[in-house]
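Trainee: Quick one: the structure is below, and I'll ask about it shortly.
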Number of protein chains: 2
Amino acid sequence: VSVTYPSGFLAAGVTAGFKPSGLPDLGLLVGDPGTVVAGVFTTNLVSAAPVRLSRARLALGAPRAVVVNSGQANAATGARGDADAETTTASAATALGLDAAEMLQCSTGVIGEPLHLPQLDAALPALVDALSPEGGEDFARAIMTTDTVDKRATAESDGIRVGGCAKGVGMIAPNLATMLVFVTTDAAVAAPDLQRLAAEQLKPRFNSLTVDASTSTNDTVLLFASGASGAPAVAPGSLSWVRLAESVAAVGESLLRQLAADAEGANHVLIVEVEGAEADQDARTIAKAIADSPLVKTAAFGGDPNPGRILQAAGAAGVGFDPASLDVWIGDVQLAEGGVIPPEYFETDALIEKARAQMQVPEIAIRVKVGDGQARSRAMGCDLSYEYVRINGEYTT
Amino acid sequence: VSVTYPSGFLAAGVTAGFKPSGLPDLGLLVGDPGTVVAGVFTTNLVSAAPVRLSRARLALGAPRAVVVNSGQANAATGARGDADAETTTASAATALGLDAAEMLQCSTGVIGEPLHLPQLDAALPALVDALSPEGGEDFARAIMTTDTVDKRATAESDGIRVGGCAKGVGMIAPNLATMLVFVTTDAAVAAPDLQRLAAEQLKPRFNSLTVDASTSTNDTVLLFASGASGAPAVAPGSLSWVRLAESVAAVGESLLRQLAADAEGANHVLIVEVEGAEADQDARTIAKAIADSPLVKTAAFGGDPNPGRILQAAGAAGVGFDPASLDVWIGDVQLAEGGVIPPEYFETDALIEKARAQMQVPEIAIRVKVGDGQARSRAMGCDLSYEYVRINGEYTT
């Protein structure tokens, strides 16, 4: 059910023909009047036209609906791309009887290829006809590119529901840009509070995900609140805020792990926890350096614990720490203490075999302690396999 | 001939038994009395014991010889590693009749595994016996780990010779750490001038190389000057300085391209030139981001021009520029102008086919213009292939 699990939302997904596969490729999500939306967007300078349009409209506060196409990313398309995004949202708004200012757009697909406007216009009536409070699943499928499964999650607490869906398998997959995440709730939340909820519960989570160290041109996370639950407005500092934050976090965490598990060619999710850093940003940088290391990623693919590669990646992260205080664990097996790999790692098979067993799991846990600081962070990645190279290398435009 | 091409150097390489393969794994390079040495070392915080020892001894100015082992990197070995490096250089110095202060050490191989001191002691007499002015080739072979060929280069100008050799195929290959580069000249050069020559002609060159974005724990570049040519001392500002710099640059450039061509699993060298930046560091960061992008690297493997991936990598590099002024070429084919990929790229086959032809060459040239600034930089990388994943993934400790 995904985004239509909370009250106050209609969704739909249809095939417009943007993708050669003939699979659904046009989605629409509409909140009841009064719905507020918060957004988090890619930091890539080469941002797509729909990212620029959505960012600008969110700043004005009116949006309550989003039209999403897969197939073309509408990135690196210049002035024509901006005009096409305007046209698309105007057409969708008209079909719904909304103002264009109420409509956001997300696009995912080939970078550089212009939107197919005639196909869009032809498909809009059927899309609007299909809108339904049970349309969340169709919507989740319409936003997929090379995803092998759709990603959906729900949570409920104190009569308030949260639902969401996401897509994304590489930051660019063959060259299909993007992670897109849509989360909805029927809580009543004021716009600035909703933005805070997105910034606190969703942004750090999805920023911790790295499939191939490649921030896409189209990454977008949108959080919608309809207020349709009938529960009193939720404001920071209250117990209901804590509960709502937990629900949003639960949906975000579930979608995050579904994205990591479906990453291109991935057989294992890598969960890298860094602790003992002096600053949060330091911990984040080290965690991401380890999760992005091609050598750690291929070691995960091969099932080889290889602590030297983890030490190498941490030391080269560009963050200051004392290498003589570096401790490393894979699962619950310690493989470096005070910057030293125990010599018995090379002398007996027992320690290697224990560590190797920790690699034979869907989610490989790497924990690194870099000192006695209070800061910690987590990065989520995946292994680097033949299949990743095949998907991204054998593909030709 | 490599490092013994200039006068005033003896070298040797023998098999001590550090490597299971039984291939040569212990090398020695000795300059005549009066030889000065300059060094450039890894910036990885987790530096190896021989890096710490060599850096400290170079600062005191006495060294004129280096003992190099492959098989064990002597990194992440703690206090024992430091003691082992002291012992190794003391033993080698004694065998040569030198002070320990005159001896440097480089190590490359498995991270964490301690040096095999008994094998070293047993091999030292034969190593010293083998020293010869024709020993450069044996030395170049003894420093190899998973290199498929040894890398050697020479240059001569105005009676002054420059020679060099290098090893390194991944920054860590399976987990064999390191790029090592040794360059010699028979010019007479004062120590600070030699350091300047290394900093200007060798450091930026080898820093531009990226096989897998993984700065090793053991990377070292050493430049030796024996003065044995008999030519007058070479000092900055003179014509002979320019000529010597050109020779050092030529040897460095040749070794650099040999390293890139022999990178793990590589079928293509990527030469990424970035121009029009506001600052050199900006140009460097963008060039390296493109050369490190797994998506650009797999596109190079697959022979797919894929300009969207180059735009994506440039935009996400973390450096400020105007995306509307981004121009991209592959070879001499322009694939983005003013941040826009020409729509005809998606509409006809002609442009794609022209660009694809530019990918079917040993060295793929990617050129990116990010503005009208004066700064430019170059990064050298390679494609990401099944073979890279096999080498680094199928390997188990």
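Residues in the structure tokens are named by chain (A, B, ... in the order shown) and by number from 1 within that chain; ligands are numbered from 1 in the order shown.
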Any idea what's packed within 10 Å of Ala56 (chain A), counting only C-alpha atoms, ignoring anything in its chain fewer than 5 positions away? Could you give it as a list in words?
Mentor: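 Using only C-alpha atoms, the neighbours found are Pro50, Val51, Gly61, Ala101 and Leu104 of chain A.
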Trainee: Residues as selected, C-alpha atoms, written as a short mmCIF file (atom, residue, chain, number, x, y, z; two decimals), in the first residue's frame, can you do that?
Mentor:
data_model
loop_
_atom_site.label_atom_id
_atom_site.label_comp_id
_atom_site.auth_asym_id
_atom_site.auth_seq_id
_atom_site.Cartn_x
_atom_site.Cartn_y
_atom_site.Cartn_z
CA PRO A 50 12.48 18.70 -11.88
CA VAL A 51 14.76 19.09 -8.84
CA GLY A 61 4.74 26.30 0.46
CA ALA A 101 2.06 25.82 -7.89
CA LEU A 104 5.89 18.93 -7.81
#
Trainee: Just need the residues of chain B within 7 Å of chain A, counting only C-alpha atoms, so spit them out as a PyMOL selection string.
Mentor: chain B and resi 44-46+76-78+111-114+175+212+214-217+294-295+298-299+301-302+304+306+308-309+311-313+315-316+323+339-341+343+346+385-386+389+392-397
Trainee: Just want the 10 Å neighbourhood of Ala198 (chain B), counted on only C-alpha atoms, with same-chain residues fewer than 6 positions away dropped. Output as an MDAnalysis selection string.
Mentor: chainID B and resid 37:40 183 192 204:205 221:224 245 248:249 252
Trainee: Let's have the selection written as a PDB file, in the first residue's frame, with N, CA, C and O atoms.
Mentor:
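The result, written out as out-v6.pdb:
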ATOM      1  N   VAL B  37      69.337  12.022  -1.491  1.00  0.00           N
ATOM      2  CA  VAL B  37      68.046  11.381  -1.765  1.00  0.00           C
ATOM      3  C   VAL B  37      66.913  12.316  -1.350  1.00  0.00           C
ATOM      4  O   VAL B  37      67.003  12.981  -0.313  1.00  0.00           O
ATOM      5  N   ALA B  38      65.858  12.362  -2.164  1.00  0.00           N
ATOM      6  CA  ALA B  38      64.637  13.084  -1.814  1.00  0.00           C
ATOM      7  C   ALA B  38      63.492  12.086  -1.819  1.00  0.00           C
ATOM      8  O   ALA B  38      63.529  11.091  -2.551  1.00  0.00           O
ATOM      9  N   GLY B  39      62.474  12.323  -0.996  1.00  0.00           N
ATOM     10  CA  GLY B  39      61.377  11.354  -0.902  1.00  0.00           C
ATOM     11  C   GLY B  39      60.016  11.998  -0.828  1.00  0.00           C
ATOM     12  O   GLY B  39      59.873  13.119  -0.338  1.00  0.00           O
ATOM     13  N   VAL B  40      59.028  11.288  -1.339  1.00  0.00           N
ATOM     14  CA  VAL B  40      57.626  11.674  -1.227  1.00  0.00           C
ATOM     15  C   VAL B  40      56.887  10.442  -0.722  1.00  0.00           C
ATOM     16  O   VAL B  40      57.060   9.359  -1.270  1.00  0.00           O
ATOM     17  N   VAL B 183      63.682   6.695  -8.650  1.00  0.00           N
ATOM     18  CA  VAL B 183      64.271   7.415  -9.777  1.00  0.00           C
ATOM     19  C   VAL B 183      65.679   7.836  -9.375  1.00  0.00           C
ATOM     20  O   VAL B 183      65.893   8.299  -8.242  1.00  0.00           O
ATOM     21  N   PRO B 192      68.239  20.122  -0.868  1.00  0.00           N
ATOM     22  CA  PRO B 192      66.952  20.832  -0.957  1.00  0.00           C
ATOM     23  C   PRO B 192      66.476  20.998  -2.399  1.00  0.00           C
ATOM     24  O   PRO B 192      65.276  20.971  -2.670  1.00  0.00           O
ATOM     25  N   PRO B 204      53.292  15.563  -8.114  1.00  0.00           N
ATOM     26  CA  PRO B 204      51.982  15.775  -8.739  1.00  0.00           C
ATOM     27  C   PRO B 204      51.651  14.690  -9.756  1.00  0.00           C
ATOM     28  O   PRO B 204      50.491  14.303  -9.921  1.00  0.00           O
ATOM     29  N   ARG B 205      52.687  14.180 -10.432  1.00  0.00           N
ATOM     30  CA  ARG B 205      52.458  13.132 -11.428  1.00  0.00           C
ATOM     31  C   ARG B 205      51.881  11.883 -10.768  1.00  0.00           C
ATOM     32  O   ARG B 205      50.856  11.361 -11.186  1.00  0.00           O
ATOM     33  N   VAL B 221      57.905   7.464  -3.137  1.00  0.00           N
ATOM     34  CA  VAL B 221      58.677   7.849  -4.319  1.00  0.00           C
ATOM     35  C   VAL B 221      60.024   8.358  -3.820  1.00  0.00           C
ATOM     36  O   VAL B 221      60.076   9.273  -2.993  1.00  0.00           O
ATOM     37  N   LEU B 222      61.115   7.741  -4.271  1.00  0.00           N
ATOM     38  CA  LEU B 222      62.453   8.186  -3.865  1.00  0.00           C
ATOM     39  C   LEU B 222      63.231   8.639  -5.101  1.00  0.00           C
ATOM     40  O   LEU B 222      63.201   7.977  -6.135  1.00  0.00           O
ATOM     41  N   LEU B 223      63.907   9.770  -4.990  1.00  0.00           N
ATOM     42  CA  LEU B 223      64.738  10.317  -6.073  1.00  0.00           C
ATOM     43  C   LEU B 223      66.166  10.419  -5.559  1.00  0.00           C
ATOM     44  O   LEU B 223      66.425  11.096  -4.562  1.00  0.00           O
ATOM     45  N   PHE B 224      67.079   9.713  -6.208  1.00  0.00           N
ATOM     46  CA  PHE B 224      68.501   9.652  -5.809  1.00  0.00           C
ATOM     47  C   PHE B 224      69.336  10.449  -6.801  1.00  0.00           C
ATOM     48  O   PHE B 224      69.160  10.305  -8.014  1.00  0.00           O
ATOM     49  N   ALA B 245      65.096  18.689 -15.103  1.00  0.00           N
ATOM     50  CA  ALA B 245      63.672  18.587 -14.755  1.00  0.00           C
ATOM     51  C   ALA B 245      62.906  17.877 -15.868  1.00  0.00           C
ATOM     52  O   ALA B 245      62.042  17.022 -15.606  1.00  0.00           O
ATOM     53  N   VAL B 248      63.718  14.152 -15.609  1.00  0.00           N
ATOM     54  CA  VAL B 248      63.014  13.542 -14.472  1.00  0.00           C
ATOM     55  C   VAL B 248      61.519  13.416 -14.795  1.00  0.00           C
ATOM     56  O   VAL B 248      60.890  12.378 -14.532  1.00  0.00           O
ATOM     57  N   ALA B 249      60.974  14.471 -15.427  1.00  0.00           N
ATOM     58  CA  ALA B 249      59.556  14.439 -15.810  1.00  0.00           C
ATOM     59  C   ALA B 249      59.297  13.329 -16.820  1.00  0.00           C
ATOM     60  O   ALA B 249      58.289  12.608 -16.735  1.00  0.00           O
ATOM     61  N   GLY B 252      59.407  10.052 -15.030  1.00  0.00           N
ATOM     62  CA  GLY B 252      58.207   9.958 -14.197  1.00  0.00           C
ATOM     63  C   GLY B 252      56.962   9.690 -15.032  1.00  0.00           C
ATOM     64  O   GLY B 252      56.147   8.826 -14.700  1.00  0.00           O
TER      65      GLY B 252
END
Trainee: Between CA of Pro133 (chain A) and CA of Val234 (chain A), what is the distance, to one decimal in Å?
Mentor: 23.2 Å
Trainee: Smallest atom-to-atom distance to Ala279 (chain B): which of B:Asp129, B:Asp150, B:Glu102, B:Asp372, using only C-alpha atoms?
Mentor: B:Asp372
Trainee: Env of Ala90 (chain B): 12 Å cut, atoms = only C-alpha atoms, seq-sep filter 4 positions within chain, self excluded. Answer as a list in words.
Mentor: Leu53, Ala65, Val66, Val67, Ala83, Asp84, Ala85, Glu86, Thr94, Ala95, Leu96, Gly97, Leu98, Asp99, Ala100, Ala101, Glu102, Met103, Leu104, Gln105, Leu117, Leu120, Asp121 and Leu124 of chain B
Trainee: Take the residues just selected and output them with N, CA and C atoms as a PDB file, in the first residue's frame.
Mentor:
ATOM      1  N   LEU B  53      60.121   5.118   9.182  1.00  0.00           N
ATOM      2  CA  LEU B  53      61.583   5.081   9.321  1.00  0.00           C
ATOM      3  C   LEU B  53      62.256   5.900   8.216  1.00  0.00           C
ATOM      4  N   ALA B  65      71.155   4.708   0.367  1.00  0.00           N
ATOM      5  CA  ALA B  65      70.826   3.354  -0.070  1.00  0.00           C
ATOM      6  C   ALA B  65      69.427   2.989   0.428  1.00  0.00           C
ATOM      7  N   VAL B  66      68.796   2.036  -0.263  1.00  0.00           N
ATOM      8  CA  VAL B  66      67.476   1.574   0.168  1.00  0.00           C
ATOM      9  C   VAL B  66      67.373   0.067  -0.021  1.00  0.00           C
ATOM     10  N   VAL B  67      66.837  -0.601   0.977  1.00  0.00           N
ATOM     11  CA  VAL B  67      66.543  -2.030   0.883  1.00  0.00           C
ATOM     12  C   VAL B  67      65.015  -2.165   0.757  1.00  0.00           C
ATOM     13  N   ALA B  83      60.351  -1.959  15.161  1.00  0.00           N
ATOM     14  CA  ALA B  83      61.588  -2.649  15.550  1.00  0.00           C
ATOM     15  C   ALA B  83      62.127  -3.480  14.387  1.00  0.00           C
ATOM     16  N   ASP B  84      61.231  -4.138  13.647  1.00  0.00           N
ATOM     17  CA  ASP B  84      61.654  -4.957  12.514  1.00  0.00           C
ATOM     18  C   ASP B  84      62.286  -4.106  11.410  1.00  0.00           C
ATOM     19  N   ALA B  85      61.749  -2.905  11.186  1.00  0.00           N
ATOM     20  CA  ALA B  85      62.326  -2.022  10.170  1.00  0.00           C
ATOM     21  C   ALA B  85      63.718  -1.562  10.597  1.00  0.00           C
ATOM     22  N   GLU B  86      63.874  -1.248  11.886  1.00  0.00           N
ATOM     23  CA  GLU B  86      65.198  -0.881  12.421  1.00  0.00           C
ATOM     24  C   GLU B  86      66.188  -2.027  12.216  1.00  0.00           C
ATOM     25  N   THR B  94      75.021  -3.039   7.871  1.00  0.00           N
ATOM     26  CA  THR B  94      76.211  -3.775   8.317  1.00  0.00           C
ATOM     27  C   THR B  94      76.806  -4.601   7.169  1.00  0.00           C
ATOM     28  N   ALA B  95      75.930  -5.273   6.426  1.00  0.00           N
ATOM     29  CA  ALA B  95      76.402  -6.098   5.315  1.00  0.00           C
ATOM     30  C   ALA B  95      77.107  -5.257   4.255  1.00  0.00           C
ATOM     31  N   LEU B  96      76.752  -3.982   4.176  1.00  0.00           N
ATOM     32  CA  LEU B  96      77.334  -3.084   3.174  1.00  0.00           C
ATOM     33  C   LEU B  96      78.482  -2.252   3.744  1.00  0.00           C
ATOM     34  N   GLY B  97      78.715  -2.335   5.049  1.00  0.00           N
ATOM     35  CA  GLY B  97      79.695  -1.466   5.664  1.00  0.00           C
ATOM     36  C   GLY B  97      79.237  -0.016   5.763  1.00  0.00           C
ATOM     37  N   LEU B  98      77.916   0.195   5.840  1.00  0.00           N
ATOM     38  CA  LEU B  98      77.371   1.549   5.989  1.00  0.00           C
ATOM     39  C   LEU B  98      76.848   1.751   7.410  1.00  0.00           C
ATOM     40  N   ASP B  99      76.597   3.020   7.756  1.00  0.00           N
ATOM     41  CA  ASP B  99      75.840   3.308   8.972  1.00  0.00           C
ATOM     42  C   ASP B  99      74.362   3.022   8.727  1.00  0.00           C
ATOM     43  N   ALA B 100      73.658   2.645   9.762  1.00  0.00           N
ATOM     44  CA  ALA B 100      72.212   2.433   9.614  1.00  0.00           C
ATOM     45  C   ALA B 100      71.517   3.714   9.149  1.00  0.00           C
ATOM     46  N   ALA B 101      72.050   4.872   9.549  1.00  0.00           N
ATOM     47  CA  ALA B 101      71.442   6.143   9.161  1.00  0.00           C
ATOM     48  C   ALA B 101      71.477   6.372   7.658  1.00  0.00           C
ATOM     49  N   GLU B 102      72.356   5.626   6.955  1.00  0.00           N
ATOM     50  CA  GLU B 102      72.457   5.793   5.498  1.00  0.00           C
ATOM     51  C   GLU B 102      71.451   4.928   4.738  1.00  0.00           C
ATOM     52  N   MET B 103      70.708   4.108   5.451  1.00  0.00           N
ATOM     53  CA  MET B 103      69.861   3.090   4.811  1.00  0.00           C
ATOM     54  C   MET B 103      68.379   3.408   4.972  1.00  0.00           C
ATOM     55  N   LEU B 104      67.658   3.419   3.874  1.00  0.00           N
ATOM     56  CA  LEU B 104      66.197   3.545   3.888  1.00  0.00           C
ATOM     57  C   LEU B 104      65.573   2.162   3.665  1.00  0.00           C
ATOM     58  N   GLN B 105      64.262   2.078   3.925  1.00  0.00           N
ATOM     59  CA  GLN B 105      63.577   0.830   3.618  1.00  0.00           C
ATOM     60  C   GLN B 105      62.216   1.094   2.994  1.00  0.00           C
ATOM     61  N   LEU B 117      62.153 -11.999   9.329  1.00  0.00           N
ATOM     62  CA  LEU B 117      63.542 -11.601   9.553  1.00  0.00           C
ATOM     63  C   LEU B 117      64.564 -12.725   9.323  1.00  0.00           C
ATOM     64  N   LEU B 120      65.295 -12.873   5.749  1.00  0.00           N
ATOM     65  CA  LEU B 120      66.043 -11.687   5.344  1.00  0.00           C
ATOM     66  C   LEU B 120      67.526 -11.840   5.662  1.00  0.00           C
ATOM     67  N   ASP B 121      67.816 -12.245   6.888  1.00  0.00           N
ATOM     68  CA  ASP B 121      69.215 -12.397   7.298  1.00  0.00           C
ATOM     69  C   ASP B 121      69.938 -13.420   6.414  1.00  0.00           C
ATOM     70  N   LEU B 124      70.738 -11.778   2.870  1.00  0.00           N
ATOM     71  CA  LEU B 124      71.509 -10.536   2.728  1.00  0.00           C
ATOM     72  C   LEU B 124      72.893 -10.737   2.075  1.00  0.00           C
TER      73      LEU B 124
END
Trainee: For a quick check of understanding, using only C-alpha atoms, which of A:Ser208, A:Asn267, A:Thr348, A:Ala261 has the smallest distance to Ile290 (chain A)?
Mentor: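 Using only C-alpha atoms, Ile290 (chain A) sits closest to A:Ser208.
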Trainee: Write down as a list in words the residues belonging to region 182-216 of chain A that are assigned helix (DSSP H, G or I) by DSSP computed on the backbone.
Mentor: Ala191, Pro192, Asp193, Leu194, Gln195, Arg196, Leu197, Ala198, Ala199, Glu200, Gln201, Leu202, Lys203, Pro204, Arg205, Phe206 and Asn207 of chain A
Trainee: Hey, can you spit out that residue selection with N, CA, C and O atoms as a short mmCIF file (atom, residue, chain, number, x, y, z; two decimals), in the first residue's frame?
Mentor:
data_model
loop_
_atom_site.label_atom_id
_atom_site.label_comp_id
_atom_site.auth_asym_id
_atom_site.auth_seq_id
_atom_site.Cartn_x
_atom_site.Cartn_y
_atom_site.Cartn_z
N ALA A 191 4.24 23.11 8.42
CA ALA A 191 5.26 22.97 7.39
C ALA A 191 6.70 23.02 7.93
O ALA A 191 7.51 22.15 7.59
N PRO A 192 7.05 23.98 8.79
CA PRO A 192 8.44 23.99 9.28
C PRO A 192 8.77 22.78 10.15
O PRO A 192 9.89 22.27 10.12
N ASP A 193 7.77 22.28 10.90
CA ASP A 193 8.00 21.09 11.71
C ASP A 193 8.19 19.87 10.82
O ASP A 193 8.99 18.98 11.11
N LEU A 194 7.43 19.82 9.72
CA LEU A 194 7.55 18.70 8.79
C LEU A 194 8.94 18.71 8.14
O LEU A 194 9.56 17.66 7.96
N GLN A 195 9.42 19.90 7.80
CA GLN A 195 10.76 20.01 7.22
C GLN A 195 11.80 19.52 8.24
O GLN A 195 12.76 18.84 7.88
N ARG A 196 11.57 19.86 9.52
CA ARG A 196 12.49 19.40 10.56
C ARG A 196 12.46 17.88 10.68
O ARG A 196 13.51 17.23 10.82
N LEU A 197 11.27 17.30 10.59
CA LEU A 197 11.13 15.85 10.66
C LEU A 197 11.90 15.20 9.50
O LEU A 197 12.60 14.18 9.68
N ALA A 198 11.78 15.78 8.30
CA ALA A 198 12.50 15.25 7.13
C ALA A 198 14.00 15.39 7.33
O ALA A 198 14.78 14.48 7.03
N ALA A 199 14.41 16.55 7.87
CA ALA A 199 15.85 16.81 8.05
C ALA A 199 16.45 15.90 9.12
O ALA A 199 17.59 15.45 9.00
N GLU A 200 15.67 15.61 10.16
CA GLU A 200 16.21 14.82 11.28
C GLU A 200 16.09 13.32 11.06
O GLU A 200 16.98 12.55 11.43
N GLN A 201 14.97 12.89 10.49
CA GLN A 201 14.71 11.44 10.43
C GLN A 201 14.98 10.82 9.06
O GLN A 201 15.24 9.62 8.98
N LEU A 202 14.92 11.60 8.00
CA LEU A 202 15.08 11.01 6.67
C LEU A 202 16.41 11.39 6.02
O LEU A 202 17.11 10.54 5.48
N LYS A 203 16.79 12.67 6.10
CA LYS A 203 18.00 13.12 5.40
C LYS A 203 19.26 12.35 5.82
O LYS A 203 19.96 11.81 4.96
N PRO A 204 19.57 12.26 7.13
CA PRO A 204 20.81 11.55 7.49
C PRO A 204 20.76 10.09 7.10
O PRO A 204 21.77 9.50 6.72
N ARG A 205 19.58 9.50 7.18
CA ARG A 205 19.44 8.09 6.83
C ARG A 205 19.78 7.87 5.36
O ARG A 205 20.59 7.01 5.03
N PHE A 206 19.15 8.60 4.48
CA PHE A 206 19.37 8.35 3.05
C PHE A 206 20.73 8.89 2.60
O PHE A 206 21.30 8.40 1.64
N ASN A 207 21.25 9.88 3.31
CA ASN A 207 22.62 10.32 3.02
C ASN A 207 23.66 9.29 3.43
O ASN A 207 24.79 9.35 2.97
#
Trainee: Among region 240-393 of chain B, which residues carry a DSSP assignment of strand (DSSP E or B), reported as a ChimeraX atom specification?
Mentor: /B:269-277,327-330,333-337,340,363-369,375-382
Trainee: Taking 4 positions as the minimum chain separation for residues in the same chain, which residues sit within 6 Å of Thr35 (chain A) when counting only C-alpha atoms? Answer as an NGL selection string.
Mentor: :A and (31 or 64 or 225-226)
Trainee: Out of B:Leu270, B:Ala12, B:Ile160, B:Leu115, which residue has the shortest atom-to-atom distance to Ala291 (chain B) when counting only C-alpha atoms?
Mentor: B:Leu270
